Every structure is written in C-alpha cells, then in structure tokens.
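Asks: Handing over input-v5.pdb, PDB, C-alpha atoms.
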MODEL        1
ATOM      1  CA  VAL B   6     -14.604  10.923  35.136
ATOM      2  CA  GLN B   7     -11.935   8.604  33.788
ATOM      3  CA  LEU B   8     -10.412   9.191  30.380
ATOM      4  CA  VAL B   9      -8.692   6.591  28.219
ATOM      5  CA  GLU B  10      -6.982   7.363  24.928
ATOM      6  CA  SER B  11      -6.497   4.910  22.091
ATOM      7  CA  GLY B  12      -5.527   4.862  18.446
ATOM      8  CA  GLY B  13      -1.862   5.710  18.663
ATOM      9  CA  GLY B  14       0.750   3.901  16.632
ATOM     10  CA  VAL B  15       3.403   4.259  13.988
ATOM     11  CA  VAL B  16       2.580   6.029  10.751
ATOM     12  CA  GLN B  17       4.637   7.381   7.877
ATOM     13  CA  ALA B  18       4.937  11.102   7.298
ATOM     14  CA  GLY B  19       1.983  12.317   5.276
ATOM     15  CA  GLY B  20      -0.290   9.672   6.710
ATOM     16  CA  SER B  21      -3.277   9.882   9.026
ATOM     17  CA  LEU B  22      -4.359   8.604  12.416
ATOM     18  CA  ARG B  23      -7.475   9.035  14.485
ATOM     19  CA  LEU B  24      -7.123   9.106  18.235
ATOM     20  CA  SER B  25     -10.031   8.421  20.532
ATOM     21  CA  CYS B  26     -10.698   9.613  24.056
ATOM     22  CA  ALA B  27     -13.252   7.496  25.907
ATOM     23  CA  ALA B  28     -14.893   8.681  29.116
ATOM     24  CA  SER B  29     -16.284   6.520  31.878
ATOM     25  CA  GLY B  30     -17.617   7.078  35.359
ATOM     26  CA  GLY B  31     -19.707  10.075  34.367
ATOM     27  CA  THR B  32     -21.104  12.079  31.517
ATOM     28  CA  LEU B  33     -18.804  13.943  29.162
ATOM     29  CA  ARG B  34     -21.587  16.303  28.131
ATOM     30  CA  ASP B  35     -20.642  19.122  30.473
ATOM     31  CA  TYR B  36     -16.915  19.016  29.793
ATOM     32  CA  SER B  37     -14.767  20.762  27.265
ATOM     33  CA  VAL B  38     -12.148  18.268  26.111
ATOM     34  CA  GLY B  39      -8.674  19.265  25.121
ATOM     35  CA  TRP B  40      -5.834  17.384  23.526
ATOM     36  CA  PHE B  41      -2.220  17.902  24.547
ATOM     37  CA  ARG B  42       0.989  16.274  23.444
ATOM     38  CA  GLN B  43       4.453  15.866  24.843
ATOM     39  CA  ALA B  44       7.437  14.960  22.737
ATOM     40  CA  PRO B  45      10.575  13.458  24.284
ATOM     41  CA  GLY B  46      12.580  16.129  26.061
ATOM     42  CA  LYS B  47       9.976  18.816  25.453
ATOM     43  CA  ASP B  48       7.252  20.508  27.460
ATOM     44  CA  ARG B  49       3.618  19.543  27.182
ATOM     45  CA  GLU B  50       1.984  21.365  24.283
ATOM     46  CA  PHE B  51      -1.643  22.307  23.650
ATOM     47  CA  VAL B  52      -3.010  20.719  20.469
ATOM     48  CA  GLY B  53      -6.669  21.697  20.438
ATOM     49  CA  VAL B  54      -9.969  21.682  22.273
ATOM     50  CA  VAL B  55     -13.666  21.170  21.643
ATOM     51  CA  THR B  56     -15.958  23.111  23.963
ATOM     52  CA  TRP B  57     -18.592  21.374  26.040
ATOM     53  CA  ASN B  58     -21.439  22.551  23.799
ATOM     54  CA  ALA B  59     -19.554  21.172  20.761
ATOM     55  CA  ASP B  60     -19.952  24.470  18.925
ATOM     56  CA  ASN B  61     -16.368  25.653  19.132
ATOM     57  CA  THR B  62     -12.984  24.173  18.436
ATOM     58  CA  TYR B  63      -9.607  25.832  18.832
ATOM     59  CA  TYR B  64      -6.262  24.576  17.595
ATOM     60  CA  ALA B  65      -2.599  25.291  17.991
ATOM     61  CA  ASP B  66      -1.109  26.983  14.956
ATOM     62  CA  SER B  67       1.187  24.000  14.427
ATOM     63  CA  VAL B  68      -1.746  21.673  13.709
ATOM     64  CA  LYS B  69      -4.370  24.025  12.307
ATOM     65  CA  GLY B  70      -5.704  22.767   8.997
ATOM     66  CA  ARG B  71      -4.342  19.266   9.591
ATOM     67  CA  PHE B  72      -6.015  18.139  12.823
ATOM     68  CA  THR B  73      -9.731  18.066  13.621
ATOM     69  CA  ILE B  74     -11.425  17.456  16.954
ATOM     70  CA  SER B  75     -14.960  16.126  17.186
ATOM     71  CA  ARG B  76     -17.132  14.637  19.871
ATOM     72  CA  ASP B  77     -20.013  12.215  20.285
ATOM     73  CA  ASN B  78     -21.625  12.860  23.665
ATOM     74  CA  ALA B  79     -23.988   9.907  23.366
ATOM     75  CA  LYS B  80     -20.993   7.586  23.116
ATOM     76  CA  LYS B  81     -18.935   9.663  25.575
ATOM     77  CA  MET B  82     -16.182   9.910  23.003
ATOM     78  CA  VAL B  83     -13.927  12.650  21.672
ATOM     79  CA  TYR B  84     -11.814  12.184  18.569
ATOM     80  CA  LEU B  85      -8.649  13.736  17.218
ATOM     81  CA  GLN B  86      -8.318  13.208  13.481
ATOM     82  CA  MET B  87      -4.744  13.847  12.407
ATOM     83  CA  ASN B  88      -3.937  14.216   8.721
ATOM     84  CA  SER B  89      -0.773  15.123   6.834
ATOM     85  CA  LEU B  90       1.298  13.992   9.771
ATOM     86  CA  LYS B  91       4.846  15.236  10.141
ATOM     87  CA  THR B  92       7.778  13.760  12.022
ATOM     88  CA  GLU B  93       7.511  16.644  14.479
ATOM     89  CA  ASP B  94       4.036  15.411  15.465
ATOM     90  CA  THR B  95       5.669  12.463  17.217
ATOM     91  CA  ALA B  96       4.612  12.609  20.867
ATOM     92  CA  VAL B  97       2.457  11.118  23.578
ATOM     93  CA  TYR B  98      -1.039  12.511  23.107
ATOM     94  CA  CYS B  99      -3.359  13.000  26.074
ATOM     95  CA  CYS B 100      -6.942  14.127  26.368
ATOM     96  CA  ALA B 101      -8.150  16.207  29.294
ATOM     97  CA  ALA B 102     -11.560  17.395  30.487
ATOM     98  CA  ASP B 103     -12.567  20.759  31.917
ATOM     99  CA  PHE B 104     -16.002  21.287  33.475
ATOM    100  CA  LYS B 105     -18.080  23.875  31.598
ATOM    101  CA  GLY B 106     -15.332  26.289  30.728
ATOM    102  CA  PRO B 107     -15.902  29.424  28.628
ATOM    103  CA  LEU B 108     -17.224  28.942  25.135
ATOM    104  CA  SER B 109     -15.224  31.635  23.404
ATOM    105  CA  SER B 110     -11.772  31.779  24.946
ATOM    106  CA  SER B 111      -9.055  29.795  23.216
ATOM    107  CA  ASP B 112      -6.394  31.212  25.545
ATOM    108  CA  TYR B 113      -8.135  29.687  28.564
ATOM    109  CA  TYR B 114      -7.966  26.164  27.168
ATOM    110  CA  ARG B 115      -4.267  26.353  26.286
ATOM    111  CA  LYS B 116      -3.394  26.187  29.985
ATOM    112  CA  SER B 117      -3.068  22.597  31.204
ATOM    113  CA  VAL B 118      -3.743  23.588  34.833
ATOM    114  CA  ILE B 119      -7.427  24.316  34.178
ATOM    115  CA  TYR B 120      -8.275  20.724  33.288
ATOM    116  CA  ASP B 121      -9.933  18.536  35.905
ATOM    117  CA  TYR B 122      -9.266  15.081  34.489
ATOM    118  CA  TRP B 123      -6.514  13.569  32.353
ATOM    119  CA  GLY B 124      -5.985  10.362  30.458
ATOM    120  CA  GLN B 125      -2.754   8.384  30.476
ATOM    121  CA  GLY B 126      -1.870   9.118  26.887
ATOM    122  CA  THR B 127      -1.229   7.241  23.677
ATOM    123  CA  LEU B 128       2.014   7.310  21.697
ATOM    124  CA  VAL B 129       2.074   8.542  18.124
ATOM    125  CA  THR B 130       5.242   7.987  16.144
ATOM    126  CA  VAL B 131       5.596   9.535  12.703
ATOM    127  CA  SER B 132       8.423   8.077  10.664
ATOM    128  CA  SER B 133      10.152   9.755   7.738
TER     129      SER B 133
ENDMDL
END
What is this structure when it is put down as structure tokens?
Replies:
Amino acid sequence: VQLVESGGGVVQAGGSLRLSCAASGGTLRDYSVGWFRQAPGKDREFVGVVTWNADNTYYADSVKGRFTISRDNAKKMVYLQMNSLKTEDTAVYCCAADFKGPLSSSDYYRKSVIYDYWGQGTLVTVSS
C-alpha cells in the first residue's frame, strides 16, 4: 500500500485546511489510518487515528475538538479536517496505515512503530 498526502499549504491562524491521504496498490479497508505531524526541531507527534472499521477515532489532546478524521473506503481516502488552526499546528503532516489493529485502544495507535506504511508528508504552515 502506498500513501500520498495532499492539501497542505499556508493558512492564517483561525483558518481551516483539509488534508487528504490517498491509498494505492491495495485496499485501505483493513487498515487503521493515523495522522502524525513533525514540527521543525521537534519529535514526531501523534495527531489522531480512525480505526479500520471506521467506528472509532482518537485524537491527541492538543487537537481534540478542532481536528476531525474521516474515511471513504470506496475512494481509498482518509481525511484530516483541521479547524481553528494555531501557529503551533505548523508541521509536516503524514498519514500512516496499520493492518487491523485493535478497535478500542487509543494508546496503541499513538506509537509510530506499529504502522506498516507511511506517506511522505505534506507541509502545513499557520501564520499569525
């Protein structure tokens, strides 16, 4: 499975962006898809995840209430809707896929090592 992110760009604080994660080379149906971000000079950070059955989403506290993850298995797409953006949201955002992980364990999905496939990332810059 190959993953490609798109939708990054420059946005003013308070604005919105929607990132997309497109899968090719296989079905996305059996994969939980997480989003991570890495700001300059900082470690990679878990943003959120949607489980493979689409019934559960988990988010980092820093984005809860502002970001929403959704998926469209027919289109092999996962989306990250980001609202009320802050300058501290500036980072490269990556999606990652994990094959049929647990459906009710947010702690599991926070660990980047469990993911099988990664995209290259898309840059989001939030200006003040």
Asks: Can you work out which one of B:Val6, B:Thr73, B:Val54, B:Ala18 has the shortest atom-to-atom distance to Gly31 (chain B), counting all atoms listed in the file?
Replies: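 For Gly31 (chain B), the nearest of the candidates is B:Val6.
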Asks: Apply the PyMOL selection byres ((chain B and resi 57) around 10) to the displayed file and report the matching residues as number ranges by chain.
Replies: B: 33-38, 54-56, 58-62, 76, 78, 102-108
Asks: Please write out, as lines of an AutoDock Vina configuration file, where the centre of an axis-aligned box around all listed atoms of region 70-74 of chain B lies and how long its edges are, in Å to one decimal, after adding 8 Å on each side.
Replies:
center_x = -7.9
center_y = 20.1
center_z = 13.0
size_x = 23.1
size_y = 21.3
size_z = 24.0
Asks: If you count all atoms listed in the file, which residues fall within 6 Å of Ser111 (chain B), apart from same-chain ones fewer than 2 positions away, as a list in words?
Replies: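 The residues that qualify are Tyr63, Tyr113 and Tyr114 of chain B.
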Asks: Pick from B:Gln43, B:Ser75, B:Thr32, B:Ser67: nearest to Leu128 (chain B), with all atoms listed in the file counted?
Replies: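 Residue with the minimum atom-to-atom distance to Leu128 (chain B): B:Gln43.
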Asks: Expanded to explicit residues, what is the PyMOL selection byres ((chain B and resi 27) around 10) for this file, as a PyMOL selection string?
Replies: chain B and resi 6-11+24-26+28-29+33+77+80-84+100+124
